[in-house]
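Data from upload-v1.txt: compact mmCIF, C-alpha atoms
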```txt
# COMPACT_ATOMS: atom_id res chain seq x y z
CA MET A 142 -28.91 5.12 -4.08
CA SER A 143 -31.30 7.77 -2.83
CA ALA A 144 -31.50 11.07 -4.68
CA PRO A 145 -28.83 13.44 -3.34
CA THR A 146 -29.64 16.78 -1.73
CA HIS A 147 -27.32 19.72 -2.19
CA THR A 148 -28.53 21.53 0.93
CA PRO A 149 -26.16 20.94 3.86
CA PRO A 150 -27.85 19.60 7.00
CA PRO A 151 -27.34 21.57 10.23
CA GLY A 152 -23.78 21.29 11.53
CA ALA A 153 -22.28 19.97 8.29
CA THR A 154 -18.73 21.27 7.77
CA ALA A 155 -17.61 18.78 5.14
CA VAL A 156 -18.96 16.88 2.17
CA LEU A 157 -17.90 13.87 0.12
CA VAL A 158 -19.19 13.84 -3.44
CA LEU A 159 -18.74 11.05 -5.98
CA ALA A 160 -18.52 11.38 -9.74
CA ASP A 161 -21.98 9.78 -10.12
CA GLY A 162 -23.52 12.65 -8.12
CA SER A 163 -23.78 10.87 -4.77
CA VAL A 164 -23.41 13.27 -1.84
CA PHE A 165 -22.39 12.39 1.74
CA TRP A 166 -22.53 15.16 4.35
CA GLY A 167 -20.47 15.14 7.52
CA ARG A 168 -18.12 16.96 9.84
CA GLY A 169 -14.69 18.09 8.71
CA ILE A 170 -11.56 16.63 10.28
CA GLY A 171 -7.91 17.39 9.69
CA ALA A 172 -6.97 20.20 7.34
CA ARG A 173 -9.36 22.59 5.63
CA GLY A 174 -9.63 22.43 1.86
CA GLU A 175 -10.49 19.82 -0.74
CA VAL A 176 -8.88 16.77 -2.37
CA VAL A 177 -9.86 14.80 -5.45
CA GLY A 178 -8.94 11.18 -6.17
CA GLU A 179 -10.15 7.60 -6.02
CA VAL A 180 -12.35 6.59 -3.08
CA CYS A 181 -11.58 3.12 -1.68
CA PHE A 182 -12.15 1.30 1.60
CA ASN A 183 -9.92 -0.56 4.04
CA THR A 184 -11.27 -3.20 6.42
CA SER A 185 -8.36 -3.20 8.90
CA ILE A 186 -9.25 -2.64 12.56
CA THR A 187 -5.77 -1.38 13.49
CA GLY A 188 -2.95 0.51 11.81
CA TYR A 189 -4.64 3.68 10.56
CA GLN A 190 -1.40 5.66 10.86
CA GLU A 191 0.56 3.06 8.87
CA ILE A 192 -2.22 3.04 6.26
CA MET A 193 -2.27 6.80 5.86
CA THR A 194 1.53 6.86 5.36
CA ASP A 195 1.67 3.90 2.96
CA PRO A 196 2.92 5.29 -0.39
CA SER A 197 0.77 2.74 -2.21
CA TYR A 198 -2.25 4.93 -1.31
CA ALA A 199 -1.12 7.89 -3.42
CA GLY A 200 -4.06 9.34 -5.32
CA GLN A 201 -6.62 7.72 -3.01
CA MET A 202 -8.96 8.61 -0.14
CA ILE A 203 -9.54 5.86 2.40
CA THR A 204 -12.89 4.87 3.86
CA PHE A 205 -12.19 3.16 7.18
CA THR A 206 -14.83 0.50 7.85
CA PHE A 207 -13.72 0.18 11.51
CA PRO A 208 -15.39 2.94 13.59
CA HIS A 209 -12.82 3.61 16.32
CA ILE A 210 -10.19 5.55 14.38
CA GLY A 211 -7.85 7.56 16.58
CA ASN A 212 -8.08 5.35 19.66
CA VAL A 213 -4.31 4.78 19.93
CA GLY A 214 -3.38 8.32 18.90
CA VAL A 215 -0.30 8.86 16.76
CA ASN A 216 3.42 8.50 17.31
CA ASP A 217 6.67 8.89 15.38
CA GLU A 218 7.30 5.14 15.05
CA ASP A 219 4.20 3.72 13.34
CA ILE A 220 4.80 5.36 10.00
CA GLU A 221 5.71 3.90 6.63
CA ASN A 222 6.79 7.20 5.09
CA ALA A 223 8.02 10.51 6.49
CA SER A 224 4.58 12.07 5.92
CA PRO A 225 1.09 10.87 4.95
CA VAL A 226 0.59 9.88 1.32
CA ALA A 227 -3.11 9.00 1.22
CA LEU A 228 -5.05 12.12 0.21
CA GLY A 229 -7.59 11.95 3.03
CA CYS A 230 -9.86 9.74 5.09
CA ILE A 231 -13.57 9.07 5.55
CA LEU A 232 -14.91 8.00 8.96
CA ARG A 233 -18.22 6.97 10.51
CA GLN A 234 -17.61 8.39 13.98
CA ASP A 235 -15.67 11.40 15.18
CA ILE A 236 -12.00 10.70 15.84
CA THR A 237 -11.61 8.83 19.12
CA GLU A 238 -9.58 10.37 21.94
CA PRO A 239 -6.19 8.64 22.21
CA SER A 240 -5.68 6.08 24.93
CA ASN A 241 -2.38 4.27 24.53
CA PHE A 242 0.94 4.42 26.33
CA ARG A 243 2.77 5.01 23.03
CA ALA A 244 0.60 7.93 21.91
CA SER A 245 2.39 11.25 21.45
CA GLY A 246 -0.45 13.16 19.81
CA HIS A 247 -4.04 13.26 18.53
CA PHE A 248 -4.91 11.84 15.11
CA ASN A 249 -6.88 14.95 14.13
CA ASP A 250 -3.96 17.25 14.95
CA TRP A 251 -1.64 14.98 12.97
CA LEU A 252 -3.94 15.10 9.93
CA ALA A 253 -4.16 18.90 10.09
CA LYS A 254 -0.41 19.32 10.57
CA ASN A 255 0.25 17.17 7.50
CA GLY A 256 -2.38 18.81 5.32
CA ARG A 257 -4.68 15.79 5.08
CA VAL A 258 -8.40 16.49 4.58
CA GLY A 259 -11.03 14.23 6.13
CA ILE A 260 -14.70 13.83 6.92
CA SER A 261 -16.51 12.04 9.77
CA GLY A 262 -20.19 11.28 10.29
CA VAL A 263 -20.48 9.46 6.94
CA ASP A 264 -22.59 6.33 6.53
CA THR A 265 -19.53 4.24 5.71
CA ARG A 266 -21.60 1.05 5.44
CA ARG A 267 -23.60 2.58 2.61
CA LEU A 268 -20.45 3.96 0.97
CA THR A 269 -18.59 0.66 1.26
CA LYS A 270 -21.50 -1.23 -0.29
CA ARG A 271 -21.56 1.24 -3.16
CA ILE A 272 -17.81 0.72 -3.78
CA ARG A 273 -18.14 -3.06 -3.46
CA ASN A 274 -21.03 -3.26 -5.91
CA GLU A 275 -20.04 -0.62 -8.46
CA GLY A 276 -16.27 -0.22 -8.16
CA ALA A 277 -14.02 2.44 -6.67
CA PRO A 278 -15.29 5.86 -7.84
CA ASN A 279 -13.65 9.23 -8.29
CA GLY A 280 -14.59 11.60 -5.52
CA VAL A 281 -13.89 14.87 -3.72
CA ILE A 282 -13.70 15.58 0.01
CA CYS A 283 -14.25 19.23 0.86
CA HIS A 284 -13.79 20.55 4.42
CA ASN A 285 -15.09 24.08 4.99
CA PRO A 286 -15.89 25.15 8.58
CA ASP A 287 -18.24 27.83 7.18
CA GLY A 288 -20.51 25.08 5.88
CA THR A 289 -20.83 26.49 2.34
CA PHE A 290 -20.21 24.23 -0.64
CA ASP A 291 -20.61 24.35 -4.42
CA VAL A 292 -21.64 20.72 -4.77
CA ASP A 293 -22.15 20.86 -8.54
CA ALA A 294 -18.62 22.21 -9.01
CA LEU A 295 -17.24 19.46 -6.76
CA ILE A 296 -19.06 16.78 -8.76
CA ALA A 297 -17.58 18.26 -11.94
CA LYS A 298 -14.07 18.06 -10.42
CA ALA A 299 -14.64 14.41 -9.54
CA ASN A 300 -15.63 13.69 -13.13
CA LEU A 301 -12.63 15.53 -14.55
CA TRP A 302 -10.10 13.55 -12.49
CA PRO A 303 -8.58 11.01 -14.93
CA GLY A 304 -8.43 8.03 -12.57
CA LEU A 305 -5.51 5.79 -11.57
CA GLU A 306 -5.47 3.72 -14.75
CA GLY A 307 -2.55 4.91 -16.86
CA MET A 308 -0.96 6.90 -13.99
CA ASP A 309 2.70 6.46 -13.08
CA LEU A 310 2.72 7.54 -9.43
CA ALA A 311 5.82 5.59 -8.42
CA ARG A 312 8.25 8.17 -9.80
CA ASP A 313 6.79 10.91 -7.58
CA ASN A 314 6.76 8.68 -4.49
CA SER A 315 10.26 7.27 -4.88
CA CYS A 316 13.39 8.64 -3.25
CA THR A 317 15.35 11.10 -5.40
CA GLU A 318 18.75 9.88 -4.20
CA GLY A 319 19.98 6.52 -3.00
CA TYR A 320 20.58 5.81 0.68
CA GLU A 321 21.55 3.03 3.09
CA TRP A 322 19.01 1.55 5.52
CA GLU A 323 20.04 0.33 8.99
CA ASP A 324 16.93 0.04 11.22
CA THR A 325 15.72 -3.44 12.17
CA LEU A 326 12.35 -4.57 13.55
CA TRP A 327 10.73 -2.89 16.57
CA SER A 328 10.60 -4.39 20.05
CA ARG A 329 8.57 -3.21 23.03
CA THR A 330 11.64 -2.83 25.23
CA GLY A 331 14.12 -1.33 22.79
CA GLY A 332 12.19 0.23 19.93
CA TYR A 333 13.86 -0.15 16.54
CA GLY A 334 17.21 -1.89 16.48
CA LYS A 335 20.28 -1.20 14.36
CA LEU A 336 21.90 -3.54 11.87
CA GLY A 337 25.28 -4.84 12.94
CA ASN A 338 27.63 -6.73 10.64
CA ALA A 339 25.55 -7.61 7.61
CA LYS A 340 25.92 -10.98 5.88
CA HIS A 341 24.28 -9.97 2.62
CA HIS A 342 23.84 -6.91 0.41
CA VAL A 343 20.43 -6.17 -1.10
CA VAL A 344 19.57 -3.36 -3.49
CA ALA A 345 15.94 -2.26 -3.05
CA ILE A 346 14.32 -0.35 -5.91
CA ASP A 347 12.02 2.24 -4.37
CA TYR A 348 8.70 2.54 -6.21
CA GLY A 349 7.10 3.87 -2.99
CA ILE A 350 8.62 1.54 -0.42
CA LYS A 351 7.26 0.95 3.07
CA ARG A 352 9.77 1.31 5.89
CA ASN A 353 8.79 -1.94 7.56
CA ILE A 354 9.83 -3.87 4.45
CA LEU A 355 13.29 -2.37 4.85
CA ARG A 356 13.29 -3.29 8.54
CA ASN A 357 12.43 -6.90 7.73
CA LEU A 358 15.24 -7.11 5.19
CA ALA A 359 17.72 -5.59 7.66
CA SER A 360 16.53 -8.03 10.35
CA GLN A 361 17.58 -10.85 8.01
CA ASP A 362 21.18 -9.53 8.21
CA CYS A 363 20.90 -7.68 4.92
CA LYS A 364 22.62 -4.38 4.25
CA VAL A 365 20.01 -2.54 2.18
CA SER A 366 20.91 0.04 -0.45
CA VAL A 367 17.77 1.88 -1.57
CA VAL A 368 17.80 3.37 -5.07
CA PRO A 369 15.28 5.54 -7.00
CA ALA A 370 12.64 3.95 -9.20
CA THR A 371 14.32 5.04 -12.43
CA THR A 372 17.72 3.50 -11.62
CA GLY A 373 18.96 1.36 -14.51
CA ALA A 374 19.95 -2.31 -14.36
CA ASP A 375 23.62 -1.65 -15.17
CA GLU A 376 23.93 0.79 -12.28
CA ILE A 377 22.26 -1.66 -9.90
CA LEU A 378 24.41 -4.60 -10.99
CA ALA A 379 27.54 -2.43 -10.67
CA MET A 380 26.74 -2.23 -6.94
CA ASN A 381 27.36 -6.01 -6.85
CA PRO A 382 24.30 -6.92 -4.77
CA ASP A 383 23.63 -10.42 -3.48
CA GLY A 384 19.93 -9.88 -4.12
CA ILE A 385 17.51 -7.32 -5.56
CA PHE A 386 14.18 -6.24 -4.09
CA LEU A 387 11.29 -4.71 -6.07
CA SER A 388 9.14 -2.61 -3.76
CA ASN A 389 5.47 -1.82 -3.41
CA GLY A 390 4.15 1.46 -4.73
CA PRO A 391 1.15 3.35 -6.14
CA GLY A 392 -0.40 3.74 -9.55
CA ASP A 393 -0.77 1.62 -12.67
CA PRO A 394 1.99 -1.01 -13.04
CA ALA A 395 1.79 -0.79 -16.82
CA ALA A 396 2.54 2.95 -16.68
CA THR A 397 5.47 2.56 -14.27
CA GLY A 398 6.57 -0.46 -16.31
CA GLU A 399 7.41 1.79 -19.27
CA TYR A 400 10.78 2.44 -17.63
CA ALA A 401 10.87 -0.24 -14.90
CA VAL A 402 10.16 -3.38 -16.94
CA PRO A 403 13.32 -3.24 -19.12
CA THR A 404 15.38 -2.86 -15.94
CA ILE A 405 13.63 -5.76 -14.22
CA LYS A 406 14.12 -8.00 -17.27
CA LYS A 407 17.88 -7.43 -17.14
CA LEU A 408 17.99 -8.00 -13.39
CA ILE A 409 16.15 -11.33 -13.67
CA ASP A 410 18.33 -12.40 -16.60
CA SER A 411 21.44 -11.66 -14.52
CA GLY A 412 20.66 -14.65 -12.32
CA LYS A 413 20.68 -12.58 -9.12
CA PRO A 414 17.91 -13.49 -6.63
CA VAL A 415 14.97 -11.09 -7.06
CA PHE A 416 12.00 -10.63 -4.69
CA GLY A 417 9.00 -8.38 -5.37
CA ILE A 418 6.05 -7.22 -3.27
CA CYS A 419 2.76 -5.69 -4.52
CA LEU A 420 3.66 -3.27 -7.35
CA GLY A 421 7.00 -5.09 -7.54
CA HIS A 422 5.05 -8.34 -8.03
CA GLN A 423 2.97 -6.81 -10.82
CA MET A 424 5.95 -5.38 -12.66
CA MET A 425 7.93 -8.61 -12.32
CA ALA A 426 4.98 -10.31 -14.02
CA LEU A 427 5.02 -7.69 -16.79
CA ALA A 428 8.76 -8.21 -17.25
CA LEU A 429 8.14 -11.95 -17.61
CA GLY A 430 5.51 -11.43 -20.30
CA ALA A 431 2.25 -11.49 -18.31
CA LYS A 432 -0.37 -8.73 -18.20
CA THR A 433 -1.98 -6.67 -15.44
CA LYS A 434 -5.48 -5.22 -15.15
CA LYS A 435 -7.45 -2.80 -12.98
CA MET A 436 -9.70 -4.40 -10.36
CA GLU A 437 -13.25 -3.21 -9.80
CA VAL A 438 -12.83 -2.93 -6.02
CA GLY A 439 -9.31 -3.99 -5.11
CA HIS A 440 -8.04 -5.70 -1.97
CA ARG A 441 -7.41 -3.46 1.03
CA GLY A 442 -7.39 -4.84 4.55
CA ALA A 443 -5.62 -7.10 7.03
CA ASN A 444 -7.89 -10.15 6.91
CA HIS A 445 -7.25 -11.63 3.46
CA PRO A 446 -6.63 -15.41 3.40
CA VAL A 447 -4.04 -16.57 0.87
CA LYS A 448 -2.99 -20.14 0.10
CA ASP A 449 0.64 -20.99 -0.63
CA THR A 450 0.26 -23.81 -3.14
CA THR A 451 3.88 -24.88 -2.66
CA THR A 452 3.25 -25.77 1.00
CA GLY A 453 -0.54 -25.98 1.27
CA VAL A 454 -0.47 -23.47 4.13
CA VAL A 455 -3.11 -20.74 4.38
CA GLU A 456 -1.88 -17.42 5.76
CA ILE A 457 -3.82 -14.34 6.83
CA THR A 458 -2.40 -11.42 4.89
CA SER A 459 -2.47 -7.66 4.65
CA GLN A 460 -3.28 -6.35 1.19
CA ASN A 461 -3.48 -3.02 -0.58
CA HIS A 462 -3.80 -3.11 -4.35
CA GLY A 463 -6.19 -1.99 -7.05
CA PHE A 464 -4.41 -3.73 -9.93
CA VAL A 465 -3.76 -7.45 -10.31
CA VAL A 466 -1.76 -9.82 -12.50
CA ASP A 467 -3.96 -11.72 -14.95
CA LYS A 468 -3.18 -15.32 -13.99
CA ASP A 469 -4.26 -16.58 -17.42
CA THR A 470 -1.40 -14.66 -19.07
CA LEU A 471 1.50 -16.20 -17.12
CA PRO A 472 4.11 -17.73 -19.47
CA ASP A 473 5.11 -21.39 -19.23
CA ASN A 474 8.31 -20.68 -17.29
CA VAL A 475 6.39 -18.97 -14.46
CA GLU A 476 4.55 -20.86 -11.72
CA ALA A 477 1.61 -19.43 -9.78
CA THR A 478 2.43 -20.03 -6.10
CA HIS A 479 -0.23 -18.14 -4.12
CA PHE A 480 -3.94 -17.47 -4.59
CA SER A 481 -6.47 -15.31 -2.76
CA LEU A 482 -9.11 -17.44 -1.08
CA PHE A 483 -11.55 -14.52 -1.33
CA ASP A 484 -11.75 -14.34 -5.12
CA GLY A 485 -9.13 -16.72 -6.53
CA SER A 486 -6.96 -13.92 -7.89
CA LEU A 487 -3.22 -14.46 -8.28
CA ALA A 488 -1.28 -13.58 -5.13
CA GLY A 489 2.20 -14.96 -5.85
CA LEU A 490 4.50 -16.33 -8.53
CA ARG A 491 7.99 -17.68 -9.10
CA VAL A 492 10.20 -18.11 -12.12
CA LYS A 493 11.00 -21.79 -12.69
CA ASP A 494 14.48 -21.31 -14.14
CA LYS A 495 15.64 -18.22 -12.21
CA PRO A 496 15.83 -17.36 -8.46
CA ALA A 497 13.01 -14.82 -8.73
CA PHE A 498 9.63 -14.72 -6.97
CA ALA A 499 7.02 -12.21 -5.85
CA VAL A 500 3.79 -11.85 -3.88
CA GLN A 501 0.86 -9.49 -4.26
CA TYR A 502 0.35 -8.92 -0.54
CA HIS A 503 2.38 -7.37 2.29
CA PRO A 504 4.29 -9.89 4.43
CA GLU A 505 5.85 -7.07 6.48
CA ALA A 506 2.48 -5.81 7.73
CA SER A 507 2.08 -8.63 10.28
CA PRO A 508 -1.67 -9.32 10.22
CA GLY A 509 -1.27 -12.98 11.22
CA PRO A 510 0.76 -11.54 13.01
CA HIS A 511 3.77 -13.32 11.48
CA ASP A 512 2.17 -15.68 8.96
CA SER A 513 4.08 -14.29 5.99
CA HIS A 514 7.49 -13.42 7.43
CA TYR A 515 8.84 -16.66 5.96
CA LEU A 516 8.99 -14.91 2.58
CA PHE A 517 11.91 -12.75 3.70
CA LYS A 518 13.68 -15.90 4.88
CA ARG A 519 12.91 -17.53 1.53
CA PHE A 520 14.57 -14.60 -0.22
CA VAL A 521 17.66 -14.85 1.97
CA SER A 522 17.81 -18.61 1.36
CA LEU A 523 17.97 -17.92 -2.38
CA ILE A 524 20.79 -15.45 -1.74
CA GLU A 525 22.69 -18.01 0.33
CA ASP A 526 22.17 -20.70 -2.32
CA ALA A 527 23.46 -18.35 -5.01
CA LYS A 528 26.54 -17.57 -2.93
CA SER A 529 27.32 -21.23 -2.33
```
Translate the structure of the given file into C-alpha cells.
Amino acid sequence: MSAPTHTPPPGATAVLVLADGSVFWGRGIGARGEVVGEVCFNTSITGYQEIMTDPSYAGQMITFTFPHIGNVGVNDEDIENASPVALGCILRQDITEPSNFRASGHFNDWLAKNGRVGISGVDTRRLTKRIRNEGAPNGVICHNPDGTFDVDALIAKANLWPGLEGMDLARDNSCTEGYEWEDTLWSRTGGYGKLGNAKHHVVAIDYGIKRNILRNLASQDCKVSVVPATTGADEILAMNPDGIFLSNGPGDPAATGEYAVPTIKKLIDSGKPVFGICLGHQMMALALGAKTKKMEVGHRGANHPVKDTTTGVVEITSQNHGFVVDKDTLPDNVEATHFSLFDGSLAGLRVKDKPAFAVQYHPEASPGPHDSHYLFKRFVSLIEDAKS
C-alpha cells in the first residue's frame, strides 16, 4: 500500500479510511455524515438495492466491484427489508442515471432519504485486493460537502470499533412482534401474488429475515408465521407448526446462539422438520455441537459455485456471510451435504436421524437464476412426509 496523504485532492467531498491508516478520497453520495463498521466487498453485477436492504449486512459497508451501480434506479419492490440495513456503500464510478421501466427513483436520492452514507471515485480494485489479501478491515466513510476532514480522528474511530466478532446483531434486526406473511413470488405481469388456501404452516424465526425467503415459502403453499429472534421453543411448538424455518441474519452466530441455540436444540429434538439458511445454518450447526469461526474475507456475491454431494449437481449460488461452520467439528450424526467449489468450505448439512437441514447460501436470491429453489421444495417434502 502506498503511504496515505491526509490532504484532500481537489473536488474531494468524502473519504474512506481504514483502521490500518489507508486513506481513499472520493466524492460523497447519499446522506452527509459518517459511519463506522466493517468494510467488505460484493461481486454481484445486479441487485444493489436488495443488497443494501439485506439485514445480514448490518454493521458493514459494501464495496461494489461492479461499476454501473444505479443503472436500474430504485423501486418499492426490490427490497428485502423496509429500509436499508447496510451502513453505506463504496463505488468506483458516480451513480449511474436510472434507465429501467420499473424505476421509480434515483439511487442517490434513495440513499440520502434513508440516511445511508456513500463514496464514489474510489479505486475499488485496489480496495478489493486489500480486503482479499488481508481480511475485511474496520473503516469509516465520511461525507462532508465542505471537503474538510479530520483524518487522524477518523482512523482512531475505525480502530476503536470492536468488530463483528462477538456481536449479536440479530436481536436488533429482528421483528419485535410476530406477524403473518402472505406475499408470494413476483411476476412481470402481476407483481407479487397473494397466498390462497395454504396446505402447510411454517413458523419462521426472524434473525434478520429477507422478504424473498418468505415469498418462496408462501409460494410453496405455506402459511408463514414470523416470530422474533428471542421466541422460545415452547411458544413456537404451541403454535403447532408443520415445519420451522431458521432465517439468515447479521453478526456472530456464537453471540446470537447464546439465546437461540437452546431453542433450536429443542425444536430439532421435537422431530418437526427444520430448515435453516445462512445464520440459521450456522446456529443449527452450533445447536448440533459443531463450531463456527470468523472468515478472513467472507463470501459475498452471486457467482459462487456449490456442489450438492447428495446429487452431484453444481449450482451457482448467492452468498453473503463472514462466518462459517468448521466442517471438521461436525458430530457423527450430521452429514455435510454441500461444499463451496471456491475454497472447499462447508455450505450445507443435514441431520441423519432428524428431518433437519440447512445451507450457508441464499437459494431465494436466484443467481442461477433458479438453481437452488429445490431446497424449498425439499423442505416441503419433509413436511409432507412428517404429516403422512
What separates atom CA of A:Ala155 and atom CA of A:Ala172 is a distance of 11.0 Å
Name the closest residue to A:His341 among the candidates A:Gly384, A:Pro391, A:Gly304, A:Pro149; distances are taken between atoms, counting all atoms listed in the file.
A:Gly384
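Restricting the calculation to all atoms listed in the file, the smallest distance between A:Leu295 and any of A:His147, A:Arg257, A:Lys495, A:Arg352 is found for A:His147.
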Residues within 12 Å of (15.2, -4.8, -18.5), counting all atoms listed in the file, listed as a list in words
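In the file's frame, the residues around the point are Thr371, Thr372, Gly373, Ala374, Asp375, Ile377, Leu378, Gly398, Glu399, Tyr400, Ala401, Val402, Pro403, Thr404, Ile405, Lys406, Lys407, Leu408, Ile409, Asp410, Ser411, Met424, Met425, Leu427, Ala428, Leu429 and Gly430 of chain A.
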Kindly export the residues of the current selection with C-alpha atoms, as a short mmCIF file (atom, residue, chain, number, x, y, z; two decimals), keeping the file's coordinate frame.
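Dumped to out-v3.cif:
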```cif
data_model
loop_
_atom_site.label_atom_id
_atom_site.label_comp_id
_atom_site.auth_asym_id
_atom_site.auth_seq_id
_atom_site.Cartn_x
_atom_site.Cartn_y
_atom_site.Cartn_z
CA THR A 371 14.32 5.04 -12.43
CA THR A 372 17.72 3.50 -11.62
CA GLY A 373 18.96 1.36 -14.51
CA ALA A 374 19.95 -2.31 -14.36
CA ASP A 375 23.62 -1.65 -15.17
CA ILE A 377 22.26 -1.66 -9.90
CA LEU A 378 24.41 -4.60 -10.99
CA GLY A 398 6.57 -0.46 -16.31
CA GLU A 399 7.41 1.79 -19.27
CA TYR A 400 10.78 2.44 -17.63
CA ALA A 401 10.87 -0.24 -14.90
CA VAL A 402 10.16 -3.38 -16.94
CA PRO A 403 13.32 -3.24 -19.12
CA THR A 404 15.38 -2.86 -15.94
CA ILE A 405 13.63 -5.76 -14.22
CA LYS A 406 14.12 -8.00 -17.27
CA LYS A 407 17.88 -7.43 -17.14
CA LEU A 408 17.99 -8.00 -13.39
CA ILE A 409 16.15 -11.33 -13.67
CA ASP A 410 18.33 -12.40 -16.60
CA SER A 411 21.44 -11.66 -14.52
CA MET A 424 5.95 -5.38 -12.66
CA MET A 425 7.93 -8.61 -12.32
CA LEU A 427 5.02 -7.69 -16.79
CA ALA A 428 8.76 -8.21 -17.25
CA LEU A 429 8.14 -11.95 -17.61
CA GLY A 430 5.51 -11.43 -20.30
#
```
Distance in Å - atom CA of A:Phe207 versus atom CA of A:Leu232:
8.3 Å
Quick one: everything within 7 Å of A:Lys493, counting only C-alpha atoms, minus sequence neighbours fewer than 3 positions away in the same chain. Send it as a ChimeraX atom specification.
/A:474-476
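For the residues A:Ser522, A:Gln201, A:Ser240, A:Asn285, ranking by smallest atom-to-atom distance to A:Gln361 using only C-alpha atoms places A:Ser522 first.
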Between A:Tyr502, A:Phe242, A:Tyr333, A:Phe386, which residue has the minimum interatomic distance to A:Ala443, considering only C-alpha atoms?
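Of A:Tyr502, A:Phe242, A:Tyr333, A:Phe386, the one nearest A:Ala443 is A:Tyr502, counting only C-alpha atoms.
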Centre and edges of the stretch 213-223 of chain A box, axis-aligned, 6 Å extra per side, as JSON:
```
{"center_x": 1.9, "center_y": 7.1, "center_z": 12.5, "size_x": 24.3, "size_y": 18.8, "size_z": 26.8}
```
Atom CA of A:Leu358 and atom CA of A:Thr317, how far apart in Å?
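Atom-to-atom, atom CA of A:Thr317 to atom CA of A:Leu358, that is 21.1 Å.
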Can you fill out stretch 418-432 of chain A with N, CA, C and O atoms and hand it back as a PDB file, keeping the file's coordinate frame?
```
ATOM      1  N   ILE A 418       7.272  -7.318  -4.079  1.00  0.00           N
ATOM      2  CA  ILE A 418       6.050  -7.220  -3.270  1.00  0.00           C
ATOM      3  C   ILE A 418       5.114  -6.204  -3.924  1.00  0.00           C
ATOM      4  O   ILE A 418       5.537  -5.106  -4.295  1.00  0.00           O
ATOM      5  N   CYS A 419       3.848  -6.572  -4.080  1.00  0.00           N
ATOM      6  CA  CYS A 419       2.760  -5.690  -4.520  1.00  0.00           C
ATOM      7  C   CYS A 419       3.049  -5.113  -5.913  1.00  0.00           C
ATOM      8  O   CYS A 419       3.017  -5.844  -6.888  1.00  0.00           O
ATOM      9  N   LEU A 420       3.334  -3.814  -6.040  1.00  0.00           N
ATOM     10  CA  LEU A 420       3.660  -3.270  -7.350  1.00  0.00           C
ATOM     11  C   LEU A 420       4.875  -3.980  -7.938  1.00  0.00           C
ATOM     12  O   LEU A 420       4.941  -4.228  -9.154  1.00  0.00           O
ATOM     13  N   GLY A 421       5.838  -4.336  -7.083  1.00  0.00           N
ATOM     14  CA  GLY A 421       7.000  -5.090  -7.540  1.00  0.00           C
ATOM     15  C   GLY A 421       6.609  -6.445  -8.116  1.00  0.00           C
ATOM     16  O   GLY A 421       7.206  -6.921  -9.086  1.00  0.00           O
ATOM     17  N   HIS A 422       5.590  -7.074  -7.522  1.00  0.00           N
ATOM     18  CA  HIS A 422       5.050  -8.340  -8.030  1.00  0.00           C
ATOM     19  C   HIS A 422       4.426  -8.131  -9.410  1.00  0.00           C
ATOM     20  O   HIS A 422       4.669  -8.904 -10.349  1.00  0.00           O
ATOM     21  N   GLN A 423       3.644  -7.079  -9.554  1.00  0.00           N
ATOM     22  CA  GLN A 423       2.970  -6.810 -10.820  1.00  0.00           C
ATOM     23  C   GLN A 423       3.963  -6.507 -11.928  1.00  0.00           C
ATOM     24  O   GLN A 423       3.828  -6.995 -13.060  1.00  0.00           O
ATOM     25  N   MET A 424       4.989  -5.741 -11.615  1.00  0.00           N
ATOM     26  CA  MET A 424       5.950  -5.380 -12.660  1.00  0.00           C
ATOM     27  C   MET A 424       6.912  -6.528 -12.976  1.00  0.00           C
ATOM     28  O   MET A 424       7.389  -6.638 -14.103  1.00  0.00           O
ATOM     29  N   MET A 425       7.181  -7.400 -11.998  1.00  0.00           N
ATOM     30  CA  MET A 425       7.930  -8.610 -12.320  1.00  0.00           C
ATOM     31  C   MET A 425       7.142  -9.449 -13.326  1.00  0.00           C
ATOM     32  O   MET A 425       7.694  -9.975 -14.300  1.00  0.00           O
ATOM     33  N   ALA A 426       5.826  -9.551 -13.098  1.00  0.00           N
ATOM     34  CA  ALA A 426       4.980 -10.310 -14.020  1.00  0.00           C
ATOM     35  C   ALA A 426       5.005  -9.690 -15.412  1.00  0.00           C
ATOM     36  O   ALA A 426       5.103 -10.408 -16.423  1.00  0.00           O
ATOM     37  N   LEU A 427       4.943  -8.362 -15.492  1.00  0.00           N
ATOM     38  CA  LEU A 427       5.020  -7.690 -16.790  1.00  0.00           C
ATOM     39  C   LEU A 427       6.357  -7.974 -17.468  1.00  0.00           C
ATOM     40  O   LEU A 427       6.415  -8.214 -18.683  1.00  0.00           O
ATOM     41  N   ALA A 428       7.432  -7.946 -16.692  1.00  0.00           N
ATOM     42  CA  ALA A 428       8.760  -8.210 -17.250  1.00  0.00           C
ATOM     43  C   ALA A 428       8.883  -9.639 -17.771  1.00  0.00           C
ATOM     44  O   ALA A 428       9.664  -9.907 -18.690  1.00  0.00           O
ATOM     45  N   LEU A 429       8.106 -10.549 -17.207  1.00  0.00           N
ATOM     46  CA  LEU A 429       8.140 -11.950 -17.610  1.00  0.00           C
ATOM     47  C   LEU A 429       7.197 -12.241 -18.774  1.00  0.00           C
ATOM     48  O   LEU A 429       7.180 -13.362 -19.285  1.00  0.00           O
ATOM     49  N   GLY A 430       6.394 -11.250 -19.168  1.00  0.00           N
ATOM     50  CA  GLY A 430       5.510 -11.430 -20.300  1.00  0.00           C
ATOM     51  C   GLY A 430       4.037 -11.532 -19.971  1.00  0.00           C
ATOM     52  O   GLY A 430       3.208 -11.708 -20.881  1.00  0.00           O
ATOM     53  N   ALA A 431       3.662 -11.440 -18.702  1.00  0.00           N
ATOM     54  CA  ALA A 431       2.250 -11.490 -18.310  1.00  0.00           C
ATOM     55  C   ALA A 431       1.631 -10.092 -18.434  1.00  0.00           C
ATOM     56  O   ALA A 431       2.297  -9.122 -18.800  1.00  0.00           O
ATOM     57  N   LYS A 432       0.343  -9.994 -18.114  1.00  0.00           N
ATOM     58  CA  LYS A 432      -0.370  -8.730 -18.200  1.00  0.00           C
ATOM     59  C   LYS A 432      -1.027  -8.408 -16.855  1.00  0.00           C
ATOM     60  O   LYS A 432      -1.302  -9.303 -16.058  1.00  0.00           O
TER      61      LYS A 432
END
```
